[in-house]
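Note: the block below is data_1.tsv and it holds TSV, C-alpha atoms.
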chain	number	residue	atom	x	y	z
A	678	MET	CA	0.87	-67.95	22.65
A	679	ALA	CA	4.46	-67.17	23.64
A	680	LYS	CA	5.04	-63.55	24.57
A	681	GLU	CA	7.13	-61.76	21.97
A	682	LYS	CA	9.13	-58.59	22.54
A	683	VAL	CA	6.59	-56.06	21.27
A	684	GLN	CA	7.60	-52.45	20.77
A	685	SER	CA	4.18	-51.26	19.56
A	686	VAL	CA	0.58	-52.48	19.53
A	687	PRO	CA	-0.13	-54.60	16.40
A	688	ASP	CA	-2.94	-53.49	14.05
A	689	VAL	CA	-4.23	-57.06	13.74
A	690	MET	CA	-3.79	-59.63	16.48
A	691	LEU	CA	-3.24	-63.21	15.24
A	692	ALA	CA	-3.28	-62.13	11.58
A	693	ASP	CA	-2.08	-65.57	10.41
A	694	THR	CA	-4.80	-67.40	12.36
A	695	PRO	CA	-8.01	-68.35	10.50
A	696	MET	CA	-10.92	-65.99	11.29
A	697	GLU	CA	-13.09	-68.81	12.66
A	698	GLU	CA	-10.45	-69.60	15.33
A	699	ARG	CA	-9.29	-66.07	16.09
A	700	GLU	CA	-12.04	-64.97	18.52
A	701	GLN	CA	-11.67	-68.03	20.75
A	702	ILE	CA	-7.88	-67.65	20.90
A	703	LEU	CA	-8.27	-63.95	21.72
A	704	ARG	CA	-10.83	-64.79	24.40
A	705	ASP	CA	-8.60	-67.49	25.93
A	706	SER	CA	-5.36	-65.48	25.95
A	707	CYS	CA	-6.34	-61.87	26.63
A	708	ASP	CA	-5.64	-60.09	29.90
A	709	GLN	CA	-9.26	-59.04	30.31
A	710	ILE	CA	-12.51	-59.04	28.29
A	711	VAL	CA	-13.94	-55.53	28.26
A	712	GLU	CA	-17.32	-54.67	26.72
A	713	LYS	CA	-17.01	-51.23	25.14
A	714	PHE	CA	-18.06	-49.12	22.20
A	715	TYR	CA	-15.60	-48.97	19.29
A	716	THR	CA	-15.62	-48.22	15.59
A	717	ARG	CA	-15.89	-51.26	13.37
A	718	LYS	CA	-14.20	-50.29	10.10
A	719	PHE	CA	-16.25	-50.55	6.91
A	720	GLY	CA	-15.05	-52.67	4.02
A	721	GLU	CA	-15.01	-51.12	0.55
A	722	ASP	CA	-18.46	-52.51	-0.31
A	723	GLU	CA	-19.97	-51.09	2.88
A	724	LYS	CA	-18.35	-47.70	2.26
A	725	ASN	CA	-19.79	-47.65	-1.26
A	726	GLU	CA	-23.23	-48.64	0.04
A	727	LYS	CA	-23.13	-45.85	2.64
A	728	ARG	CA	-22.02	-43.33	-0.02
A	729	ALA	CA	-24.85	-44.43	-2.33
A	730	GLU	CA	-27.31	-44.25	0.55
A	731	ALA	CA	-26.04	-40.76	1.44
A	732	CYS	CA	-26.55	-39.67	-2.19
A	733	ASN	CA	-30.06	-41.13	-2.28
A	734	VAL	CA	-30.95	-39.41	0.98
A	735	ALA	CA	-29.50	-36.11	-0.32
A	736	ILE	CA	-31.65	-36.41	-3.46
A	737	GLN	CA	-34.74	-37.07	-1.35
A	738	ILE	CA	-33.93	-34.05	0.84
A	739	GLY	CA	-33.65	-31.85	-2.26
A	740	GLU	CA	-37.02	-33.02	-3.58
A	741	LEU	CA	-38.70	-32.46	-0.23
A	742	ASN	CA	-37.20	-28.97	0.12
A	743	GLU	CA	-38.90	-28.04	-3.17
A	744	GLU	CA	-42.27	-29.28	-1.89
A	745	LEU	CA	-41.69	-27.44	1.39
A	746	LYS	CA	-42.52	-24.14	-0.29
A	747	ASN	CA	-46.13	-25.31	-0.78
A	748	PHE	CA	-46.73	-27.75	2.04
A	749	THR	CA	-44.49	-26.49	4.87
A	750	ALA	CA	-46.20	-28.12	7.84
A	751	ASP	CA	-46.58	-31.59	6.26
A	752	ILE	CA	-43.14	-31.72	4.67
A	753	LYS	CA	-41.23	-30.68	7.80
A	754	GLY	CA	-42.33	-33.91	9.47
A	755	LYS	CA	-40.87	-35.98	6.60
A	756	LEU	CA	-37.67	-33.94	6.25
A	757	LYS	CA	-36.32	-34.07	9.79
A	758	PRO	CA	-35.74	-37.84	10.03
A	759	LEU	CA	-33.98	-37.85	6.65
A	760	GLN	CA	-31.66	-35.03	7.68
A	761	GLU	CA	-30.83	-36.84	10.90
A	762	ARG	CA	-30.11	-40.05	8.96
A	763	GLN	CA	-27.95	-38.16	6.45
A	764	ALA	CA	-25.93	-36.63	9.29
A	765	ALA	CA	-25.50	-40.07	10.87
A	766	ILE	CA	-24.46	-41.63	7.55
A	767	LEU	CA	-21.95	-38.86	6.84
A	768	ASP	CA	-20.52	-39.20	10.36
A	769	GLU	CA	-20.12	-42.94	9.76
A	770	VAL	CA	-18.50	-42.36	6.35
A	771	LYS	CA	-16.11	-39.76	7.80
A	772	ALA	CA	-15.19	-42.15	10.64
A	773	GLY	CA	-14.84	-45.03	8.18
A	774	GLY	CA	-17.11	-47.21	10.32
A	775	GLU	CA	-19.93	-47.36	12.80
A	776	GLN	CA	-19.96	-47.27	16.60
A	777	ILE	CA	-20.86	-50.65	18.04
A	778	LYS	CA	-20.81	-52.16	21.51
A	779	GLY	CA	-19.26	-55.57	21.97
A	780	ASP	CA	-16.56	-57.58	23.68
A	781	THR	CA	-13.02	-56.37	23.24
A	782	PHE	CA	-9.89	-58.18	24.32
A	783	LYS	CA	-7.36	-56.21	26.33
A	784	PHE	CA	-3.68	-57.03	25.94
A	785	VAL	CA	-0.91	-55.33	27.92
A	786	PHE	CA	2.39	-54.87	26.02
A	787	GLU	CA	4.82	-54.20	28.85
A	788	GLU	CA	7.93	-53.57	26.74
A	789	ALA	CA	6.09	-50.92	24.72
A	790	GLY	CA	4.31	-49.51	27.78
A	791	LYS	CA	1.04	-49.83	25.84
A	792	VAL	CA	-2.36	-51.47	26.15
A	793	GLY	CA	-4.29	-52.67	23.07
A	794	PHE	CA	-7.98	-53.53	22.78
A	795	TYR	CA	-8.90	-55.99	19.99
A	796	ASP	CA	-12.30	-56.85	18.51
A	797	THR	CA	-13.51	-60.41	18.00
A	798	ASN	CA	-11.71	-60.51	14.63
A	799	GLY	CA	-8.40	-59.60	16.25
A	800	HIS	CA	-8.31	-56.05	14.86
A	801	LEU	CA	-6.91	-53.26	17.02
A	802	VAL	CA	-9.74	-50.86	17.95
A	803	GLU	CA	-7.92	-48.78	20.57
A	804	SER	CA	-4.48	-48.42	22.08
A	805	ARG	CA	-3.18	-46.27	24.90
A	806	ASP	CA	-0.36	-45.97	27.43
A	807	MET	CA	-0.41	-48.38	30.37
A	808	THR	CA	-1.83	-47.14	33.68
A	809	ARG	CA	0.01	-47.54	36.95
A	810	GLU	CA	-2.22	-50.50	37.89
A	811	GLU	CA	-1.55	-52.20	34.55
A	812	ARG	CA	2.20	-52.08	35.12
A	813	GLN	CA	1.71	-54.88	37.68
A	814	ARG	CA	1.92	-58.25	35.89
A	815	THR	CA	-1.10	-60.57	35.59
A	816	VAL	CA	-0.97	-64.35	35.44
A	817	PHE	CA	-1.65	-64.27	31.67
A	818	GLN	CA	1.16	-61.78	31.13
A	819	ALA	CA	3.54	-63.97	33.11
A	820	ILE	CA	2.56	-67.02	31.01
A	821	ARG	CA	3.00	-65.12	27.74
A	822	GLY	CA	6.28	-63.65	29.01
A	823	THR	CA	7.81	-67.05	29.80
A	824	GLY	CA	6.24	-68.92	26.91
A	825	THR	CA	5.22	-71.77	29.23
A	826	GLU	CA	1.53	-71.90	28.39
A	827	GLY	CA	-0.05	-75.20	27.91

Whole structure, structure tokens version:
Amino acid sequence: MAKEKVQSVPDVMLADTPMEEREQILRDSCDQIVEKFYTRKFGEDEKNEKRAEACNVAIQIGELNEELKNFTADIKGKLKPLQERQAAILDEVKAGGEQIKGDTFKFVFEEAGKVGFYDTNGHLVESRDMTREERQRTVFQAIRGTGTEG
């Protein structure tokens, strides 16, 4: 992959590359593989499923709150896990995804002074300014910069 003059961190790395090839190319050409937590964005179907699940959980909570008047001790044990799940679902819906831990691929964009971390599908999950240590070129950066890779 020849190094292009990049002024910002792309949202999707290797967007024109088929999904089944993208992870291996990212793995082979990144500056460093870093396992970290990041938010995997939900697709529309997943968002709708989470919304429907949140509604179903909210309905269940309402029903249990009614029973709570008569059976306080028993119902409290059933209510707490549902409330915790609802809070987790709503947090995921607000964030537009879920926190997962997996390999990310770190790319340093010297011209932009930025570092981008990409998931196995080539999607940008985090970007930040370069650190002092990252301003020193790596072998992969030199190869991408000259376009002389194999």

Between atom CA of Ile777 of chain A and atom CA of Arg717 of chain A, what is the distance in Å, rounded to a tenth?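 Computing it gives 6.8 Å between the two atoms.
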
Using all atoms listed in the file, tabulate the residues of segment 783-819 of chain A lying at most 9 Å from any atom of segment 693-705 of chain A, each with its closest atom pair and that distance in Å to one decimal, by chain and increasing residue number, as CSV.
residue,atom,partner,partner_atom,distance
A:Tyr795,CA,A:Leu703,CA,8.2
A:Asp796,CA,A:Glu700,CA,8.1
A:Thr797,CA,A:Glu700,CA,4.8
A:Asn798,CA,A:Glu700,CA,5.9
A:Gly799,CA,A:Arg699,CA,6.5

What lies within 7 Å of Lys778 of chain A using only C-alpha atoms, ignoring chain neighbours under 4 positions off, as an MDAnalysis selection string? chainID A and resid 712:715

What would the list of residues within 12 Å of (-18.8, -55.8, 33.6) (file frame) look like as a PyMOL selection string, if all atoms listed in the file are what count? chain A and resi 709-713+779-781

Surrounding residues of Glu788 of chain A excluding itself and chain neighbours under 3 positions, 8 Å, all atoms listed in the file, as a PyMOL selection string: chain A and resi 682-684+791

Taking 6 positions as the minimum chain separation for residues in the same chain, which residues sit within 12 Å of Ala729 of chain A when counting all atoms listed in the file? Answer as a PDB file with C-alpha atoms, in the coordinates of the input.
ATOM      1  CA  ASP A 722     -18.460 -52.510  -0.310  1.00  0.00           C
ATOM      2  CA  GLU A 723     -19.970 -51.090   2.880  1.00  0.00           C
ATOM      3  CA  ALA A 735     -29.500 -36.110  -0.320  1.00  0.00           C
ATOM      4  CA  ILE A 736     -31.650 -36.410  -3.460  1.00  0.00           C
ATOM      5  CA  GLN A 763     -27.950 -38.160   6.450  1.00  0.00           C
ATOM      6  CA  ILE A 766     -24.460 -41.630   7.550  1.00  0.00           C
ATOM      7  CA  LEU A 767     -21.950 -38.860   6.840  1.00  0.00           C
ATOM      8  CA  VAL A 770     -18.500 -42.360   6.350  1.00  0.00           C
TER       9      VAL A 770
END

Point-to-point distance in Å for atom CA of Pro687 of chain A and atom CA of Gln813 of chain A: 21.4 Å

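Counting only C-alpha atoms, Glu775 of chain A has the following residues at most 7 Å away, ignoring those fewer than 5 positions along the same chain: Thr716, Arg717, Lys718 and Glu769 of chain A.
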
Write out as a ChimeraX atom specification the residues lying within 12 Å of Ser685 of chain A, counting only C-alpha atoms and excluding same-chain residues fewer than 2 positions away. /A:681-683,687-690,784-793,801,804-806

Could you dump the residues just selected with C-alpha atoms as an mmCIF file, keeping the file's coordinate frame?
data_model
loop_
_atom_site.group_PDB
_atom_site.id
_atom_site.type_symbol
_atom_site.label_atom_id
_atom_site.label_comp_id
_atom_site.auth_asym_id
_atom_site.auth_seq_id
_atom_site.Cartn_x
_atom_site.Cartn_y
_atom_site.Cartn_z
ATOM 1 C CA GLU A 681 7.130 -61.760 21.970
ATOM 2 C CA LYS A 682 9.130 -58.590 22.540
ATOM 3 C CA VAL A 683 6.590 -56.060 21.270
ATOM 4 C CA PRO A 687 -0.130 -54.600 16.400
ATOM 5 C CA ASP A 688 -2.940 -53.490 14.050
ATOM 6 C CA VAL A 689 -4.230 -57.060 13.740
ATOM 7 C CA MET A 690 -3.790 -59.630 16.480
ATOM 8 C CA PHE A 784 -3.680 -57.030 25.940
ATOM 9 C CA VAL A 785 -0.910 -55.330 27.920
ATOM 10 C CA PHE A 786 2.390 -54.870 26.020
ATOM 11 C CA GLU A 787 4.820 -54.200 28.850
ATOM 12 C CA GLU A 788 7.930 -53.570 26.740
ATOM 13 C CA ALA A 789 6.090 -50.920 24.720
ATOM 14 C CA GLY A 790 4.310 -49.510 27.780
ATOM 15 C CA LYS A 791 1.040 -49.830 25.840
ATOM 16 C CA VAL A 792 -2.360 -51.470 26.150
ATOM 17 C CA GLY A 793 -4.290 -52.670 23.070
ATOM 18 C CA LEU A 801 -6.910 -53.260 17.020
ATOM 19 C CA SER A 804 -4.480 -48.420 22.080
ATOM 20 C CA ARG A 805 -3.180 -46.270 24.900
ATOM 21 C CA ASP A 806 -0.360 -45.970 27.430
#

From the options A:Phe782, A:Asn747, A:His800, A:Ile738, which residue's atoms come nearest to Leu759 of chain A, counting all atoms listed in the file?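 Using all atoms listed in the file, Leu759 of chain A sits closest to A:Ile738.
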
For a quick check of understanding, using all atoms listed in the file, which of A:Asp768, A:Asp708, A:Leu756, A:Thr749 has the smallest distance to Ala731 of chain A?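 Smallest distance to Ala731 of chain A is found for A:Asp768.
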
Just how far from atom CA of Val686 of chain A is atom CA of Gly720 of chain A, in Å to one decimal? 22.0 Å
